[in-house]
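Colleague: Pasting structure-v3.txt here (compact mmCIF, C-alpha atoms):
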# COMPACT_ATOMS: atom_id res chain seq x y z
CA MET H 1 19.09 -4.35 -4.83
CA SER H 2 18.49 -0.67 -3.93
CA VAL H 3 16.53 2.38 -5.01
CA SER H 4 16.58 5.99 -3.78
CA GLY H 5 14.04 8.76 -3.94
CA ILE H 6 12.18 11.48 -2.08
CA GLY H 7 9.48 10.82 0.49
CA LEU H 8 6.04 12.14 -0.45
CA HIS H 9 5.17 13.63 2.92
CA ALA H 10 8.48 14.31 4.71
CA GLY H 11 10.17 15.51 1.52
CA ILE H 12 13.42 13.80 2.60
CA MET H 13 15.60 11.58 0.41
CA ALA H 14 15.76 7.92 1.43
CA GLU H 15 17.23 4.68 0.13
CA VAL H 16 15.56 1.27 0.26
CA THR H 17 17.51 -1.98 -0.10
CA LEU H 18 15.92 -5.41 -0.56
CA HIS H 19 17.80 -8.32 1.01
CA PRO H 20 16.85 -11.97 0.36
CA ALA H 21 15.70 -13.91 3.40
CA PRO H 22 15.42 -17.65 4.17
CA LYS H 23 12.18 -19.57 4.50
CA ASN H 24 9.98 -18.74 7.50
CA HIS H 25 11.77 -15.39 7.93
CA GLY H 26 8.71 -13.38 6.95
CA ILE H 27 8.69 -9.68 6.10
CA VAL H 28 10.88 -7.41 8.24
CA LEU H 29 11.38 -3.70 7.64
CA ARG H 30 14.46 -2.19 9.27
CA ARG H 31 15.32 1.50 9.59
CA LYS H 32 19.04 2.05 9.46
CA GLY H 33 20.82 4.10 12.11
CA PHE H 34 19.11 2.59 15.17
CA GLN H 35 20.40 0.26 17.87
CA ALA H 36 19.71 -3.44 17.41
CA GLY H 37 15.97 -4.10 17.32
CA GLN H 38 14.91 -0.49 17.77
CA GLY H 39 14.51 0.09 14.04
CA ASP H 40 12.79 -3.22 13.26
CA PHE H 41 9.20 -3.71 12.15
CA ILE H 42 8.18 -7.39 12.04
CA LEU H 43 5.07 -7.85 9.90
CA SER H 44 3.37 -10.89 11.37
CA GLY H 45 -0.37 -11.33 11.88
CA ILE H 46 -2.15 -9.09 14.37
CA THR H 47 1.23 -7.86 15.67
CA GLY H 48 2.00 -6.43 12.24
CA ALA H 49 -1.46 -4.93 11.84
CA GLN H 50 -1.13 -3.21 15.21
CA LEU H 51 2.07 -1.47 14.12
CA VAL H 52 -0.04 0.83 11.93
CA LYS H 53 -0.29 4.32 13.35
CA HIS H 54 -3.59 5.77 12.21
CA GLY H 55 -3.33 9.05 10.35
CA PRO H 56 -4.25 10.69 7.05
CA LEU H 57 -2.94 10.08 3.54
CA ALA H 58 -0.40 7.32 4.24
CA THR H 59 0.30 4.11 6.15
CA VAL H 60 2.81 4.79 8.91
CA LEU H 61 4.27 2.07 11.14
CA GLU H 62 5.39 2.66 14.73
CA ASN H 63 7.14 -0.02 16.79
CA SER H 64 7.34 -0.45 20.56
CA HIS H 65 10.47 1.74 20.70
CA GLY H 66 8.61 4.69 19.17
CA THR H 67 10.48 4.38 15.86
CA THR H 68 8.36 5.15 12.81
CA ILE H 69 8.56 4.52 9.08
CA GLY H 70 6.16 6.26 6.72
CA THR H 71 4.37 5.58 3.44
CA VAL H 72 5.02 1.85 3.33
CA GLU H 73 1.86 0.93 1.42
CA HIS H 74 3.14 0.95 -2.19
CA LEU H 75 6.15 -1.23 -1.40
CA LEU H 76 4.02 -3.64 0.63
CA SER H 77 1.46 -3.71 -2.16
CA ALA H 78 4.09 -4.84 -4.66
CA LEU H 79 5.32 -7.55 -2.28
CA HIS H 80 1.76 -8.80 -1.78
CA GLY H 81 0.92 -8.62 -5.48
CA LEU H 82 4.04 -10.58 -6.46
CA ARG H 83 3.73 -13.04 -3.55
CA VAL H 84 7.02 -12.17 -1.84
CA ASP H 85 6.68 -13.29 1.76
CA ASN H 86 10.30 -13.63 2.99
CA LEU H 87 12.36 -10.45 2.79
CA LEU H 88 14.46 -8.01 4.80
CA VAL H 89 13.90 -4.42 3.72
CA GLU H 90 16.45 -1.84 4.92
CA ILE H 91 15.34 1.79 4.82
CA ASP H 92 17.79 4.63 5.23
CA GLY H 93 15.40 7.48 5.99
CA PRO H 94 12.10 8.25 7.75
CA GLU H 95 9.82 7.38 4.84
CA VAL H 96 9.74 4.95 1.92
CA PRO H 97 10.36 6.90 -1.33
CA ILE H 98 7.26 7.71 -3.35
CA LEU H 99 9.09 7.20 -6.70
CA ASP H 100 6.49 7.73 -9.45
CA GLY H 101 3.50 7.44 -7.08
CA SER H 102 2.61 3.89 -8.08
CA ALA H 103 3.85 0.40 -7.19
CA LEU H 104 5.35 -0.18 -10.63
CA PRO H 105 8.93 0.86 -9.68
CA TRP H 106 8.79 -1.59 -6.77
CA VAL H 107 7.63 -4.37 -9.09
CA GLU H 108 10.58 -3.57 -11.36
CA LEU H 109 13.01 -3.59 -8.42
CA ILE H 110 11.72 -6.97 -7.25
CA ASP H 111 12.10 -8.30 -10.79
CA LYS H 112 15.71 -7.12 -10.91
CA ALA H 113 16.41 -8.75 -7.55
CA GLU H 114 14.99 -12.04 -8.92
CA ARG H 115 12.66 -14.04 -6.71
CA GLU H 116 13.50 -17.54 -5.55
CA GLU H 117 10.96 -20.22 -4.71
CA LEU H 118 11.64 -21.62 -1.24
CA SER H 119 10.90 -25.12 0.02
CA ALA H 120 8.48 -24.11 2.80
CA PRO H 121 4.78 -23.83 1.87
CA ARG H 122 3.26 -20.34 1.73
CA GLN H 123 1.30 -19.41 4.83
CA TRP H 124 -1.90 -17.81 3.50
CA LEU H 125 -4.09 -15.52 5.56
CA LYS H 126 -7.38 -17.16 4.67
CA ILE H 127 -10.66 -15.35 5.29
CA GLU H 128 -12.82 -17.98 6.97
CA ARG H 129 -15.70 -15.83 8.21
CA THR H 130 -17.45 -12.65 7.14
CA VAL H 131 -15.99 -9.58 8.82
CA ARG H 132 -17.52 -6.11 8.58
CA HIS H 133 -16.14 -2.68 9.40
CA GLU H 134 -18.30 0.41 9.13
CA ASP H 135 -17.15 3.98 9.57
CA ALA H 136 -19.18 7.11 8.78
CA GLY H 137 -21.46 5.11 6.51
CA ARG H 138 -18.63 3.36 4.66
CA VAL H 139 -18.99 -0.40 4.73
CA MET H 140 -15.96 -2.64 4.31
CA LEU H 141 -16.38 -6.41 4.06
CA ALA H 142 -14.02 -9.39 4.13
CA GLU H 143 -15.64 -12.68 3.11
CA PRO H 144 -14.60 -16.26 2.35
CA ASP H 145 -14.23 -17.00 -1.36
CA ALA H 146 -12.94 -20.33 -2.66
CA ARG H 147 -12.73 -19.21 -6.31
CA ALA H 148 -9.38 -17.40 -6.23
CA ALA H 149 -6.53 -16.28 -3.99
CA LEU H 150 -7.87 -12.74 -3.57
CA ARG H 151 -10.80 -10.97 -5.15
CA ILE H 152 -11.48 -7.27 -4.65
CA GLU H 153 -14.47 -5.11 -5.46
CA CYS H 154 -13.78 -1.44 -4.79
CA HIS H 155 -16.00 1.66 -5.12
CA VAL H 156 -14.96 5.31 -4.77
CA GLU H 157 -16.65 8.62 -5.47
CA TYR H 158 -15.06 12.10 -5.62
CA PRO H 159 -16.64 15.47 -6.41
CA HIS H 160 -14.61 16.07 -9.56
CA PRO H 161 -15.79 15.66 -13.16
CA ALA H 162 -12.69 13.66 -14.11
CA VAL H 163 -13.27 11.19 -11.25
CA GLY H 164 -16.89 10.89 -10.10
CA ARG H 165 -18.00 7.39 -9.11
CA GLN H 166 -15.63 4.58 -10.10
CA THR H 167 -15.59 0.81 -9.59
CA TRP H 168 -12.95 -1.85 -10.07
CA ARG H 169 -13.49 -5.56 -9.49
CA GLY H 170 -11.25 -8.48 -10.25
CA VAL H 171 -8.87 -11.17 -9.08
CA ILE H 172 -5.56 -10.03 -7.62
CA ASP H 173 -3.16 -12.53 -9.13
CA GLU H 174 0.32 -11.62 -10.33
CA VAL H 175 -0.69 -11.04 -13.96
CA THR H 176 -3.60 -8.76 -13.09
CA TYR H 177 -1.65 -6.94 -10.41
CA ARG H 178 1.22 -6.13 -12.76
CA SER H 179 -0.94 -4.87 -15.61
CA GLN H 180 -4.01 -3.35 -13.97
CA ILE H 181 -3.08 -2.26 -10.44
CA ALA H 182 0.66 -1.64 -9.98
CA PRO H 183 0.86 1.25 -12.53
CA ALA H 184 -1.96 3.27 -10.88
CA ARG H 185 -0.57 6.42 -9.23
CA THR H 186 -1.56 8.21 -6.06
CA PHE H 187 -3.76 11.23 -6.65
CA VAL H 188 -5.05 14.41 -5.08
CA LEU H 189 -7.71 17.02 -5.79
CA GLU H 190 -6.05 20.40 -6.30
CA LYS H 191 -8.47 22.01 -3.85
CA ASP H 192 -7.13 19.76 -1.05
CA ILE H 193 -3.42 20.49 -1.55
CA ALA H 194 -3.24 23.64 0.58
CA ALA H 195 -4.82 21.92 3.60
CA ALA H 196 -2.46 18.95 3.30
CA GLN H 197 0.57 21.23 3.09
CA ALA H 198 -0.67 23.23 6.09
CA ALA H 199 -0.75 19.94 8.02
CA GLY H 200 2.92 19.35 7.13
CA LEU H 201 2.18 16.71 4.48
CA ILE H 202 3.04 16.19 0.77
CA LYS H 203 6.29 18.18 1.04
CA GLY H 204 7.80 15.96 -1.65
CA GLY H 205 4.77 15.85 -3.93
CA GLY H 206 4.56 17.02 -7.54
CA LEU H 207 3.25 16.12 -10.96
CA HIS H 208 6.10 13.63 -11.33
CA ASN H 209 4.78 11.44 -8.49
CA ALA H 210 1.04 12.10 -8.21
CA VAL H 211 -2.00 12.72 -10.37
CA VAL H 212 -3.51 16.13 -9.67
CA PHE H 213 -7.16 16.77 -10.52
CA GLY H 214 -7.36 20.52 -11.07
CA GLU H 215 -10.05 22.95 -10.02
CA ASP H 216 -10.62 23.63 -13.71
CA GLY H 217 -12.02 20.10 -14.02
CA GLN H 218 -8.99 18.76 -15.87
CA VAL H 219 -6.10 16.44 -15.07
CA GLN H 220 -3.05 18.66 -14.52
CA ASN H 221 -0.43 16.05 -15.49
CA PRO H 222 0.73 16.65 -19.09
CA GLU H 223 0.80 12.90 -19.81
CA GLY H 224 -2.78 12.43 -18.59
CA LEU H 225 -4.09 9.30 -16.88
CA ARG H 226 -2.70 5.79 -17.21
CA PHE H 227 -6.25 4.38 -16.92
CA PRO H 228 -9.62 6.15 -17.20
CA ASN H 229 -10.36 4.92 -13.66
CA GLU H 230 -6.85 5.31 -12.24
CA PRO H 231 -8.05 6.60 -8.83
CA VAL H 232 -10.07 3.49 -7.93
CA ARG H 233 -7.25 1.26 -9.15
CA HIS H 234 -4.86 3.12 -6.85
CA LYS H 235 -7.25 2.58 -3.95
CA VAL H 236 -7.09 -1.14 -4.70
CA LEU H 237 -3.27 -0.87 -4.79
CA ASP H 238 -3.30 0.78 -1.35
CA ALA H 239 -5.64 -1.84 0.10
CA VAL H 240 -3.45 -4.69 -1.18
CA GLY H 241 -0.51 -3.03 0.59
CA ASP H 242 -2.37 -2.24 3.80
CA MET H 243 -3.53 -5.84 4.11
CA PHE H 244 0.09 -6.99 3.84
CA THR H 245 1.03 -5.37 7.14
CA ALA H 246 0.03 -8.81 8.47
CA GLY H 247 2.90 -10.27 6.44
CA GLN H 248 0.77 -12.95 4.75
CA CYS H 249 -0.86 -13.11 1.33
CA LEU H 250 -4.62 -12.85 1.64
CA ARG H 251 -7.11 -15.39 0.30
CA GLY H 252 -10.80 -14.44 0.11
CA LYS H 253 -12.90 -11.49 -1.04
CA LEU H 254 -12.79 -7.81 -0.04
CA THR H 255 -15.62 -5.39 -0.80
CA LEU H 256 -14.37 -1.86 -0.20
CA ASN H 257 -16.55 1.25 -0.26
CA ALA H 258 -14.61 4.53 -0.12
CA PRO H 259 -11.58 2.80 1.44
CA GLY H 260 -8.77 4.62 3.21
CA HIS H 261 -5.69 3.55 5.12
CA THR H 262 -7.33 3.65 8.55
CA ALA H 263 -10.44 1.79 7.38
CA ASN H 264 -8.29 -0.84 5.63
CA ASN H 265 -6.32 -1.39 8.82
CA MET H 266 -9.41 -1.62 11.00
CA LEU H 267 -10.89 -4.26 8.68
CA LEU H 268 -7.63 -6.22 8.85
CA ARG H 269 -7.52 -6.03 12.65
CA ARG H 270 -11.07 -7.34 12.89
CA LEU H 271 -10.21 -10.13 10.48
CA LEU H 272 -7.30 -11.15 12.72
CA GLU H 273 -9.23 -11.03 16.00
Is it possible to express this structure as structure tokens?
Modeller:
Amino acid sequence: MSVSGIGLHAGIMAEVTLHPAPKNHGIVLRRKGFQAGQGDFILSGITGAQLVKHGPLATVLENSHGTTIGTVEHLLSALHGLRVDNLLVEIDGPEVPILDGSALPWVELIDKAEREELSAPRQWLKIERTVRHEDAGRVMLAEPDARAALRIECHVEYPHPAVGRQTWRGVIDEVTYRSQIAPARTFVLEKDIAAAQAAGLIKGGGLHNAVVFGEDGQVQNPEGLRFPNEPVRHKVLDAVGDMFTAGQCLRGKLTLNAPGHTANNMLLRRLLE
């Protein structure tokens, strides 16, 4: 099952194909056009977490051969949210397509591909101790929680009247993920667009794949927001994806204050130490 689209940052068309995999295969991303092994990204525990190349605005993976694949977080979020933990993903291009800016198209693609329950038990990444990551006053916590598979409490604050301070808290099960998290789109403040473009980013961005909060205080997208607090929901979406670079579904509680891709990854690395 395949889908094509433009990359948000590189602005280059790419195609992604999902291939079923047997039990105990795990999650493997493979860039096409490379010699055997050189385009592979095996998401497994601390090895998977360490593939993340820290940078702004997206989660980029880099393997030991120097091969990279960009903007993987929305696809990985959908896999985590729908509990898909054995899959080969082939990517023909430098970056996973942004599609509509949310994880919903990936959920729909997974549904079309039809999941199969395998005989091997799921290998959960269970949070068994409290782990803390602090950066520039932002505190990120991972804690044990026996009540559900994964609980998230997320807080963000942006200097825009249509955003302000927002909070989302809840259980990340498949029903909640599909209805409350997957549809939330990536977003940007209009005042930050020029700087991002000057840095060579968001070359493929537009109102069709991102929410833009204008300098006039309004949402620039004609259709408006999908949720009143869409930005914080998208931050939860990103965190669910970033945690899945370890290739295992998470069990426990995350408390995220002003999360970003680098902070998410650092929390995951500390959790896996």
Colleague: Which is closer to Arg147 in chain H than all the others in H:Glu62, H:Arg251, H:Leu268, H:Val232, using all atoms listed in the file?
Modeller: H:Arg251
Colleague: With 12 Å as the cut-off and all atoms listed in the file counted, what is the closest atom pair between each nearby residue of range 127-228 of chain H and range 100-120 of chain H? Distances in Å to one decimal, ordered by chain and number, as CSV.
Modeller:
residue,atom,partner,partner_atom,distance
H:Glu174,CA,H:Val107,CA,10.4
H:Val175,CA,H:Val107,CA,11.7
H:Tyr177,CA,H:Val107,CA,9.7
H:Arg178,CA,H:Leu104,CA,7.5
H:Ser179,CA,H:Leu104,CA,9.3
H:Gln180,CA,H:Leu104,CA,10.4
H:Ile181,CA,H:Ala103,CA,8.1
H:Ala182,CA,H:Ala103,CA,4.7
H:Pro183,CA,H:Leu104,CA,5.1
H:Ala184,CA,H:Ser102,CA,5.4
H:Arg185,CA,H:Ser102,CA,4.2
H:Thr186,CA,H:Gly101,CA,5.2
H:Phe187,CA,H:Gly101,CA,8.2
H:Val188,CA,H:Gly101,CA,11.2
H:Ile202,CA,H:Gly101,CA,11.8
H:Gly204,CA,H:Gly101,CA,11.0
H:Gly205,CA,H:Gly101,CA,9.1
H:Gly206,CA,H:Gly101,CA,9.6
H:Leu207,CA,H:Asp100,CA,9.1
H:His208,CA,H:Asp100,CA,6.2
H:Asn209,CA,H:Asp100,CA,4.2
H:Ala210,CA,H:Gly101,CA,5.4
H:Val211,CA,H:Gly101,CA,8.3
H:Val212,CA,H:Gly101,CA,11.5
H:Arg226,CA,H:Ser102,CA,10.7
Colleague: Any chance you can output those residues with C-alpha atoms as an mmCIF file, in the coordinates of the input?
Modeller:
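New file result28.cif:
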data_model
loop_
_atom_site.group_PDB
_atom_site.id
_atom_site.type_symbol
_atom_site.label_atom_id
_atom_site.label_comp_id
_atom_site.auth_asym_id
_atom_site.auth_seq_id
_atom_site.Cartn_x
_atom_site.Cartn_y
_atom_site.Cartn_z
ATOM 1 C CA GLU H 174 0.320 -11.620 -10.330
ATOM 2 C CA VAL H 175 -0.690 -11.040 -13.960
ATOM 3 C CA TYR H 177 -1.650 -6.940 -10.410
ATOM 4 C CA ARG H 178 1.220 -6.130 -12.760
ATOM 5 C CA SER H 179 -0.940 -4.870 -15.610
ATOM 6 C CA GLN H 180 -4.010 -3.350 -13.970
ATOM 7 C CA ILE H 181 -3.080 -2.260 -10.440
ATOM 8 C CA ALA H 182 0.660 -1.640 -9.980
ATOM 9 C CA PRO H 183 0.860 1.250 -12.530
ATOM 10 C CA ALA H 184 -1.960 3.270 -10.880
ATOM 11 C CA ARG H 185 -0.570 6.420 -9.230
ATOM 12 C CA THR H 186 -1.560 8.210 -6.060
ATOM 13 C CA PHE H 187 -3.760 11.230 -6.650
ATOM 14 C CA VAL H 188 -5.050 14.410 -5.080
ATOM 15 C CA ILE H 202 3.040 16.190 0.770
ATOM 16 C CA GLY H 204 7.800 15.960 -1.650
ATOM 17 C CA GLY H 205 4.770 15.850 -3.930
ATOM 18 C CA GLY H 206 4.560 17.020 -7.540
ATOM 19 C CA LEU H 207 3.250 16.120 -10.960
ATOM 20 C CA HIS H 208 6.100 13.630 -11.330
ATOM 21 C CA ASN H 209 4.780 11.440 -8.490
ATOM 22 C CA ALA H 210 1.040 12.100 -8.210
ATOM 23 C CA VAL H 211 -2.000 12.720 -10.370
ATOM 24 C CA VAL H 212 -3.510 16.130 -9.670
ATOM 25 C CA ARG H 226 -2.700 5.790 -17.210
#
Colleague: Considering all atoms listed in the file, can you say which of H:Asp173, H:Phe227, H:Glu153, H:Arg165 comes closest to Leu256 in chain H?
Modeller: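 For Leu256 in chain H, the nearest of the given residues is H:Glu153.
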Colleague: Residues near range 124-136 of chain H, anyone? I mean within 10 Å using all atoms listed in the file, not counting same-chain ones fewer than 3 positions away, as JSON, numbers by chain.
Modeller: {"H": [45, 85, 121, 139, 140, 141, 142, 143, 144, 145, 146, 149, 150, 243, 244, 246, 247, 248, 249, 250, 251, 252, 253, 254, 255, 256, 257, 259, 262, 263, 264, 265, 266, 267, 268, 269, 270, 271, 272, 273]}
Colleague: Please determine, counting all atoms listed in the file, which residue among H:Ala195, H:Val219, H:Ala58, H:Leu87 has the shortest atom-to-atom distance to Asn24 in chain H.
Modeller: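 Among the listed residues, H:Leu87 lies closest to Asn24 in chain H.
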Colleague: Please compute the CA of Ile27 in chain H-CA of Gly55 in chain H distance, one decimal, in Å.
Modeller: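 That distance, rounded to one decimal, is 22.7 Å.
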Colleague: For Pro94 in chain H, which residue among H:Glu15, H:Asp238, H:Glu190, H:Glu230 is the nearest when counting all atoms listed in the file?
Modeller: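 Of the candidates, the smallest distance to Pro94 in chain H is held by H:Glu15.
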Colleague: Pick the closest to Ala10 in chain H from H:Lys23, H:His155, H:Lys203, H:His160: which is it, counting all atoms listed in the file?
Modeller: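 Looking at the shortest contact to Ala10 in chain H, the residue is H:Lys203.
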Colleague: Between H:Gly33, H:Gly11, H:Gly48, H:Gly5, which has the minimum distance to Thr245 in chain H (counting all atoms listed in the file)?
Modeller: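 Checking each of H:Gly33, H:Gly11, H:Gly48, H:Gly5 against Thr245 in chain H, counting all atoms listed in the file, the winner is H:Gly48.
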Colleague: In Å, how far is it from CA of His74 in chain H to CA of Ala196 in chain H?
Modeller: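 Separating CA of His74 in chain H from CA of Ala196 in chain H is a distance of 19.6 Å.
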Colleague: Which value, in Å to one decimal, gives the distance between CA of His261 in chain H and CA of Pro97 in chain H?
Modeller: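 Computing it gives 17.6 Å between the two atoms.
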Colleague: Could you give me the axis-aligned bounding box of range 18-30 of chain H, with 3 Å of padding per side, as centre plus edge lengths in Å to one decimal, as lines of an AutoDock Vina configuration file?
Modeller:
center_x = 13.2
center_y = -10.9
center_z = 4.4
size_x = 15.1
size_y = 23.4
size_z = 15.8
Colleague: Can you list, as a PDB file with C-alpha atoms, in the frame of the given file, every protein, DNA or RNA residue that comes within 8 Å of Asn229 in chain H when you count only C-alpha atoms, leaving out same-chain residues fewer than 3 positions away?
Modeller:
ATOM      1  CA  VAL H 163     -13.270  11.190 -11.250  1.00  0.00           C
ATOM      2  CA  GLN H 166     -15.630   4.580 -10.100  1.00  0.00           C
ATOM      3  CA  THR H 167     -15.590   0.810  -9.590  1.00  0.00           C
ATOM      4  CA  VAL H 232     -10.070   3.490  -7.930  1.00  0.00           C
ATOM      5  CA  ARG H 233      -7.250   1.260  -9.150  1.00  0.00           C
TER       6      ARG H 233
END
Colleague: Name the residues, using the chain letters and numbers of the file, that sit within 10 Å of (14.8, -8.8, 3.1) when counting only C-alpha atoms, and give them as a list of chain:residue names.
Modeller: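 Residues found, by chain and rising number: H:Thr17, H:Leu18, H:His19, H:Pro20, H:Ala21, H:Pro22, H:His25, H:Gly26, H:Ile27, H:Val28, H:Leu29, H:Arg30, H:Val84, H:Asp85, H:Asn86, H:Leu87, H:Leu88, H:Val89, H:Glu90.
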